[in-house]
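Take a look at the structure set out below.
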Amino acid sequence: MIQLRLVMLAALLCSLPGADGGKVLVFPVDGSHWLNMNFLIQELHSRGHNVTVIRPKNSWYIAAESQHYQSITLDVITGFDEKNMHHFGTRFLQLRRDFRTSFAALVEASGEFMTMMHQIHKSVVDKMEEIFEDAKLMQFFQEAKYDVVLTDPCFGGGVLLAHRLGLPLVFNVRWTIMADGHHTVAPSPLSYVPIPGSELADRMTFWQRVKNVVFALLVLNNWRIMKELYYNPFVHRHFGPDVNYDELVQAADIWLMRTDFTFEFPRPTMPNVVYMGGFQCKPSKPLPQHLEDFVQSSAEHGVIVMSLGTLVGTLPEDTAEHVAAAFAQLPQKVIWRHTGKRPTTLGNNTLLLDWLPQNDLLGHPKTRVFVAHGGTNGLQEAIYHGVPIIGLPLMFDQDDNLFRMKVKGVAKVVDLGTLNKDNFLEAVKAVLYEPSYREKMQELSRLHRDQPMKPLDRAVFWIEFVMRHKGASHLRSDSYKMSWIQYHSIDVIALLLVSVTMMSLICVLTVKYLCCKVFSGRKEKLD
């Protein structure tokens with residue numbers, strides 16, 4: 001009997017998948033981008049992989065110690081830290097309030113944004129110079145024998161390190177330097193693929209297509225400046241004068257896109273693009289008792305949840321007063337993440353918190369509306385749980401994200417520069433009491449959830465695929481090696497045009513010659 005049990009146990013053990021984990025080197029981007037990366041890291045760790053995270057010594061979000069990864073803390077300082085980002089956020093909000101009435105404020109805000117991006121990209125390249133020149137550190141990386149580099153190409157450090165180490169490369173991506181990830185890797189016809197920031201949909205009038213082209217040229221120019229000022233000189237020094245940064249980015253094996261087509265407009269894609277939109281979303285857990293009691297006290301009216309993300313904990317004081325006054329006139333209970341001064345107009349129905357369990361609140365059956373700044377994570381959680389949105393875009397891609405939700409009929413957007421108690425209250429009531437907003441959001445939720453595989457499982461599968469096969473070159477197009485003229489077949493079109501022109505000219509000359517012969521022959525006979 002004991003022998004039979006041992007045989008059964010041995011057979012069971014043999015049937016289990018291999019438990020040998022791979023070695024993953026993660027080069028993340030700090031701030032809210034780290035929250036996305038950390039979800040992948042935790043899942044990779046749970047599946048037995050050994051994860052190493054590179055972090056600067058002044059890291060904002062990335063902890064030096066974790067049960068899910070080991071870290072390498074570099075003795076460098078980047079410009080992408082809490083102090084600088086909060087300073088920029090505060091300043092940008094001040095300027096944003098004047099956007100609609102002052103072109104100068106818009107120009108100044110754009111200038112400050114570009115200045116910040118220049119500082120960050122320069123600090124990234126400077127950091128990589130120090131890493132590449134540290135022979136002991138580079139030897140450590142080589143001897144560690146990692147299987148894959150996982151990075152966010154919003155900044156280029158991970159791209160550069162992966163190619164220096166000769167390792168397969170996987171992107172956790174939404175942005176690349178100054179461009180949308182899709183526009184970097186996939187064909188993007190400007191006739192129906194809107195440039196992020198243009199606030200255009202996939203069906204455009206003639207003048208909207210003109211606007212889209214103008215935005216594309218602006219983005220292309222900003223991207224070219226960042227590339228030529230910082231990345232290409234570095235690449236030429238370390239990879240050779242014939243190599244440019246574009247080639248290193250396009251050579252990535254898999255692009256894990258933090259989006260999907262419940263959020264995006266339909267557009268072309270590529271075989272090595274894997275969609276994992278909503279991969280961080282999960283079923284809600286029970287609320288802490290004090291929050292559950294507050295939520296239940298809303299009775300049949302339900303709850304409004306408001307959070308403006310991690311970068312901006314509070315609105316300008318007068319704006320916060322308008323928001324609080326509007327909330328006070330509603331029968332719903334409100335849970336608001338607010339770290340600033342307590343508004344004097346705050347009603348008894350509103351609970352202010354320094355932090356709130358956003359996913360668990362959005363998944364609560366009594367939640368009716370989500371007031372959000374338009375960050376991708378929050379919007380995808382709202383889609384997952386089927387909660388309609390009031391949008392208060394603050395900066396970066398948030399206007400464009402909320403525009404997409406507005407076009408899909410699941411959100412009302414209020415501009416910060418024109419917000420007052422009345423128009424904010426009107427927007428909240430519209431989303432609360434017009435059934436179409438909730439119905440359309442719940443339909444988006446059903447579409448998002450109706451997948452054969454969870455987005456997080458799909459993402460990890462493809463990371464492991466790259467580790468097993470030492471890359472995924474069979475999914476990667478080499479079109480990036482073609483010149484612009486070759487890519488768009490300008491040379492072929494030119495040849496065909498010349499050929500048709502020449503043939504037409506020959507035909508015309510031949511007919512003209514024959515006509516002249518016939519005419520001259522007749523003339524001779526008449527003579």
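Lettering and numbering for the structure tokens are positional, with chains as A, B, ... in the shown order, residues counted from 1 in each chain, and ligands counted from 1 in the shown order.
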Leaving out A:Asn50 and any residue of its chain fewer than 6 positions from it, which residues lie within 12 Å of it when counting only C-alpha atoms, given as a PyMOL selection string? chain A and resi 19-26+41-44+67-71+144-148
Write the residues of the preceding selection, restricted to N, CA, C and O atoms, as a short mmCIF file (atom, residue, chain, number, x, y, z; two decimals), in the first residue's frame.
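After the write, part16.cif holds the following:
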```cif
data_model
loop_
_atom_site.label_atom_id
_atom_site.label_comp_id
_atom_site.auth_asym_id
_atom_site.auth_seq_id
_atom_site.Cartn_x
_atom_site.Cartn_y
_atom_site.Cartn_z
N ALA A 19 9.46 23.63 -12.19
CA ALA A 19 9.44 24.71 -11.20
C ALA A 19 10.65 25.61 -11.32
O ALA A 19 10.84 26.51 -10.51
N ASP A 20 11.53 25.34 -12.31
CA ASP A 20 12.72 26.16 -12.48
C ASP A 20 12.32 27.54 -12.97
O ASP A 20 11.76 27.66 -14.07
N GLY A 21 12.60 28.55 -12.18
CA GLY A 21 12.25 29.90 -12.57
C GLY A 21 13.37 30.55 -13.36
O GLY A 21 14.53 30.14 -13.30
N GLY A 22 13.02 31.55 -14.13
CA GLY A 22 14.01 32.31 -14.87
C GLY A 22 14.51 33.49 -14.06
O GLY A 22 14.04 33.76 -12.95
N LYS A 23 15.45 34.22 -14.66
CA LYS A 23 16.02 35.40 -14.00
C LYS A 23 15.65 36.63 -14.83
O LYS A 23 16.03 36.74 -16.01
N VAL A 24 14.91 37.52 -14.20
CA VAL A 24 14.37 38.70 -14.89
C VAL A 24 15.03 39.94 -14.33
O VAL A 24 15.02 40.17 -13.11
N LEU A 25 15.61 40.75 -15.21
CA LEU A 25 16.18 42.03 -14.82
C LEU A 25 15.19 43.12 -15.20
O LEU A 25 14.82 43.26 -16.37
N VAL A 26 14.75 43.89 -14.21
CA VAL A 26 13.72 44.91 -14.44
C VAL A 26 14.34 46.30 -14.32
O VAL A 26 14.98 46.61 -13.32
N ILE A 41 5.82 42.24 -11.59
CA ILE A 41 6.88 41.66 -10.76
C ILE A 41 6.30 40.68 -9.74
O ILE A 41 6.82 39.56 -9.54
N GLN A 42 5.23 41.08 -9.09
CA GLN A 42 4.61 40.20 -8.09
C GLN A 42 4.13 38.90 -8.72
O GLN A 42 4.29 37.82 -8.15
N GLU A 43 3.55 39.00 -9.93
CA GLU A 43 3.07 37.79 -10.59
C GLU A 43 4.23 36.90 -11.03
O GLU A 43 4.17 35.67 -10.91
N LEU A 44 5.29 37.51 -11.54
CA LEU A 44 6.48 36.72 -11.93
C LEU A 44 7.08 36.03 -10.71
O LEU A 44 7.47 34.85 -10.77
N GLN A 67 9.71 41.54 -0.64
CA GLN A 67 9.64 40.09 -0.66
C GLN A 67 9.49 39.55 -2.07
O GLN A 67 9.62 38.35 -2.30
N HIS A 68 9.22 40.43 -3.04
CA HIS A 68 8.98 39.98 -4.41
C HIS A 68 10.19 40.14 -5.32
O HIS A 68 10.21 39.60 -6.43
N TYR A 69 11.17 40.91 -4.91
CA TYR A 69 12.34 41.13 -5.75
C TYR A 69 13.54 41.51 -4.90
O TYR A 69 13.40 41.90 -3.74
N GLN A 70 14.71 41.37 -5.50
CA GLN A 70 15.91 41.95 -4.91
C GLN A 70 16.28 43.18 -5.73
O GLN A 70 15.98 43.23 -6.93
N SER A 71 16.88 44.15 -5.11
CA SER A 71 17.14 45.41 -5.81
C SER A 71 18.63 45.68 -5.92
O SER A 71 19.44 45.22 -5.11
N ALA A 144 25.55 37.45 -13.92
CA ALA A 144 24.25 37.05 -13.36
C ALA A 144 23.45 36.19 -14.33
O ALA A 144 22.55 35.46 -13.92
N LYS A 145 23.77 36.31 -15.63
CA LYS A 145 23.11 35.50 -16.66
C LYS A 145 21.58 35.61 -16.60
O LYS A 145 20.87 34.62 -16.40
N TYR A 146 21.10 36.83 -16.75
CA TYR A 146 19.67 37.05 -16.80
C TYR A 146 19.08 36.48 -18.08
O TYR A 146 19.78 36.36 -19.10
N ASP A 147 17.81 36.12 -18.04
CA ASP A 147 17.14 35.56 -19.20
C ASP A 147 16.44 36.62 -20.05
O ASP A 147 16.24 36.43 -21.25
N VAL A 148 16.05 37.73 -19.43
CA VAL A 148 15.29 38.75 -20.15
C VAL A 148 15.38 40.06 -19.38
O VAL A 148 15.57 40.07 -18.16
#
```
Please report the interatomic distance between atom CA of A:Gly157 and atom CA of A:Lys122 in Å with one decimal.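 These two atoms are separated by 10.7 Å.
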Please determine, counting only C-alpha atoms, which residue among A:His469, A:Arg404, A:His322, A:His364 has the shortest atom-to-atom distance to A:Asn420.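 With only C-alpha atoms as the atom set, the closest residue is A:His322.
Of the residues under consideration (A:Leu218, A:Ala427, A:Val369, A:Leu308), A:Leu308 shows the shortest atom-to-atom contact distance to A:Gln398 when counting only C-alpha atoms.
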Which of A:Ser307, A:Asn58, A:Ser123, A:Gln380 sits closest to A:Pro455 [using only C-alpha atoms]: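 Answer, going by the shortest atom-to-atom distance: A:Gln380.
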Spatial neighbours of stretch 176-179 of chain A, max dist 9 Å, only C-alpha atoms, sep filter under 5 positions, as a PyMOL selection string: chain A and resi 117+121+152-156+184+196+219-220+222-224+226-227+249
Dump as a short mmCIF file (atom, residue, chain, number, x, y, z; two decimals), in the first residue's frame, selection limited to N, CA, C and O atoms:
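Produced file result.cif, reproduced below:
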```cif
data_model
loop_
_atom_site.label_atom_id
_atom_site.label_comp_id
_atom_site.auth_asym_id
_atom_site.auth_seq_id
_atom_site.Cartn_x
_atom_site.Cartn_y
_atom_site.Cartn_z
N MET A 117 10.94 67.39 -19.20
CA MET A 117 11.27 66.19 -19.96
C MET A 117 12.73 66.19 -20.39
O MET A 117 13.40 65.14 -20.36
N HIS A 121 15.26 63.16 -19.34
CA HIS A 121 15.96 62.35 -20.35
C HIS A 121 17.47 62.53 -20.23
O HIS A 121 18.23 61.56 -20.40
N ASP A 152 10.20 49.69 -19.01
CA ASP A 152 9.22 50.66 -19.52
C ASP A 152 9.99 51.64 -20.40
O ASP A 152 10.85 52.38 -19.90
N PRO A 153 9.72 51.67 -21.72
CA PRO A 153 10.51 52.52 -22.62
C PRO A 153 10.10 53.98 -22.63
O PRO A 153 10.52 54.73 -23.53
N CYS A 154 9.30 54.39 -21.64
CA CYS A 154 8.98 55.82 -21.52
C CYS A 154 10.27 56.62 -21.42
O CYS A 154 10.37 57.72 -21.95
N PHE A 155 11.27 56.07 -20.73
CA PHE A 155 12.63 56.57 -20.74
C PHE A 155 13.53 55.43 -21.20
O PHE A 155 13.20 54.26 -21.02
N GLY A 156 14.67 55.76 -21.79
CA GLY A 156 15.40 54.76 -22.57
C GLY A 156 16.45 53.94 -21.86
O GLY A 156 17.15 53.16 -22.51
N THR A 184 4.97 54.16 -32.42
CA THR A 184 6.37 53.79 -32.56
C THR A 184 6.53 52.46 -33.28
O THR A 184 7.42 52.29 -34.10
N PRO A 196 -2.38 60.96 -29.92
CA PRO A 196 -2.73 61.28 -28.53
C PRO A 196 -2.44 62.75 -28.23
O PRO A 196 -1.39 63.28 -28.57
N VAL A 219 4.61 66.19 -32.49
CA VAL A 219 5.11 65.05 -31.72
C VAL A 219 6.41 64.53 -32.33
O VAL A 219 7.38 64.23 -31.62
N LEU A 220 6.43 64.42 -33.66
CA LEU A 220 7.62 63.94 -34.35
C LEU A 220 8.81 64.85 -34.07
O LEU A 220 9.94 64.38 -33.85
N ASN A 222 9.27 66.85 -31.38
CA ASN A 222 9.71 66.68 -29.99
C ASN A 222 10.48 65.38 -29.80
O ASN A 222 11.50 65.34 -29.10
N TRP A 223 9.98 64.32 -30.42
CA TRP A 223 10.65 63.03 -30.34
C TRP A 223 12.04 63.10 -30.97
O TRP A 223 13.02 62.58 -30.42
N ARG A 224 12.14 63.77 -32.13
CA ARG A 224 13.43 63.90 -32.81
C ARG A 224 14.42 64.68 -31.96
O ARG A 224 15.61 64.31 -31.86
N MET A 226 14.53 65.01 -28.62
CA MET A 226 14.99 64.20 -27.48
C MET A 226 15.98 63.13 -27.95
O MET A 226 17.01 62.88 -27.30
N LYS A 227 15.65 62.52 -29.07
CA LYS A 227 16.51 61.45 -29.59
C LYS A 227 17.87 61.98 -30.01
O LYS A 227 18.91 61.41 -29.65
N VAL A 249 15.07 50.38 -30.05
CA VAL A 249 13.69 50.31 -29.57
C VAL A 249 12.89 49.32 -30.40
O VAL A 249 12.18 48.46 -29.87
#
```
Considering only strand (DSSP E or B) as DSSP defines it on the backbone, what residues of stretch 310-371 of chain A qualify? List them as JSON, numbers by chain. {"A": [333, 334, 335, 336, 337, 350, 351, 352, 353, 367, 368, 369, 370, 371]}
Let's have the selection written as a PDB file, in the first residue's frame, with C-alpha atoms.
```
ATOM      1  CA  LYS A 333     -22.368  59.878   0.332  1.00  0.00           C
ATOM      2  CA  VAL A 334     -18.946  60.930  -0.980  1.00  0.00           C
ATOM      3  CA  ILE A 335     -15.522  59.425  -0.252  1.00  0.00           C
ATOM      4  CA  TRP A 336     -12.838  61.844  -1.391  1.00  0.00           C
ATOM      5  CA  ARG A 337      -9.072  61.362  -1.305  1.00  0.00           C
ATOM      6  CA  THR A 350     -18.503  63.790   2.479  1.00  0.00           C
ATOM      7  CA  LEU A 351     -15.639  61.823   4.031  1.00  0.00           C
ATOM      8  CA  LEU A 352     -12.089  63.071   3.393  1.00  0.00           C
ATOM      9  CA  LEU A 353      -9.256  60.509   3.435  1.00  0.00           C
ATOM     10  CA  THR A 367     -20.660  52.967  -5.874  1.00  0.00           C
ATOM     11  CA  ARG A 368     -22.450  55.081  -8.477  1.00  0.00           C
ATOM     12  CA  VAL A 369     -19.839  57.478  -9.921  1.00  0.00           C
ATOM     13  CA  PHE A 370     -16.053  57.811  -9.995  1.00  0.00           C
ATOM     14  CA  VAL A 371     -14.600  61.356 -10.059  1.00  0.00           C
TER      15      VAL A 371
END
```
So that I can see what lies close to stretch 259-270 of chain A, please list as number ranges by chain the residues with an atom at most 7 Å from it, counting only C-alpha atoms and leaving out residues fewer than 3 positions away in the same chain. A: 186-188, 193, 202, 273, 275-278, 404, 444, 448
So how far away is atom CA of A:Leu392 from atom CA of A:Thr205, in Å?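 Taking atom CA of A:Thr205 and atom CA of A:Leu392, their separation equals 27.0 Å.
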Choose the residue, out of A:Ser436, A:Gln119, A:Ser477, A:Asn348, that has the smallest atom-to-atom separation from A:Gln250; count only C-alpha atoms. A:Ser477
Could you build a table of the residues in stretch 365-430 of chain A lying no more than 10 Å from stretch 32-40 of chain A, giving for each the nearest pair of atoms and their separation in Å rounded to one decimal place, using only C-alpha atoms, ordered by chain and ascending residue number, as a tab-separated table?
```
residue	atom	partner	partner_atom	distance
A:Gly375	CA	A:Ser32	CA	9.1
A:Thr376	CA	A:Ser32	CA	9.8
A:Asn377	CA	A:Asn36	CA	8.1
```
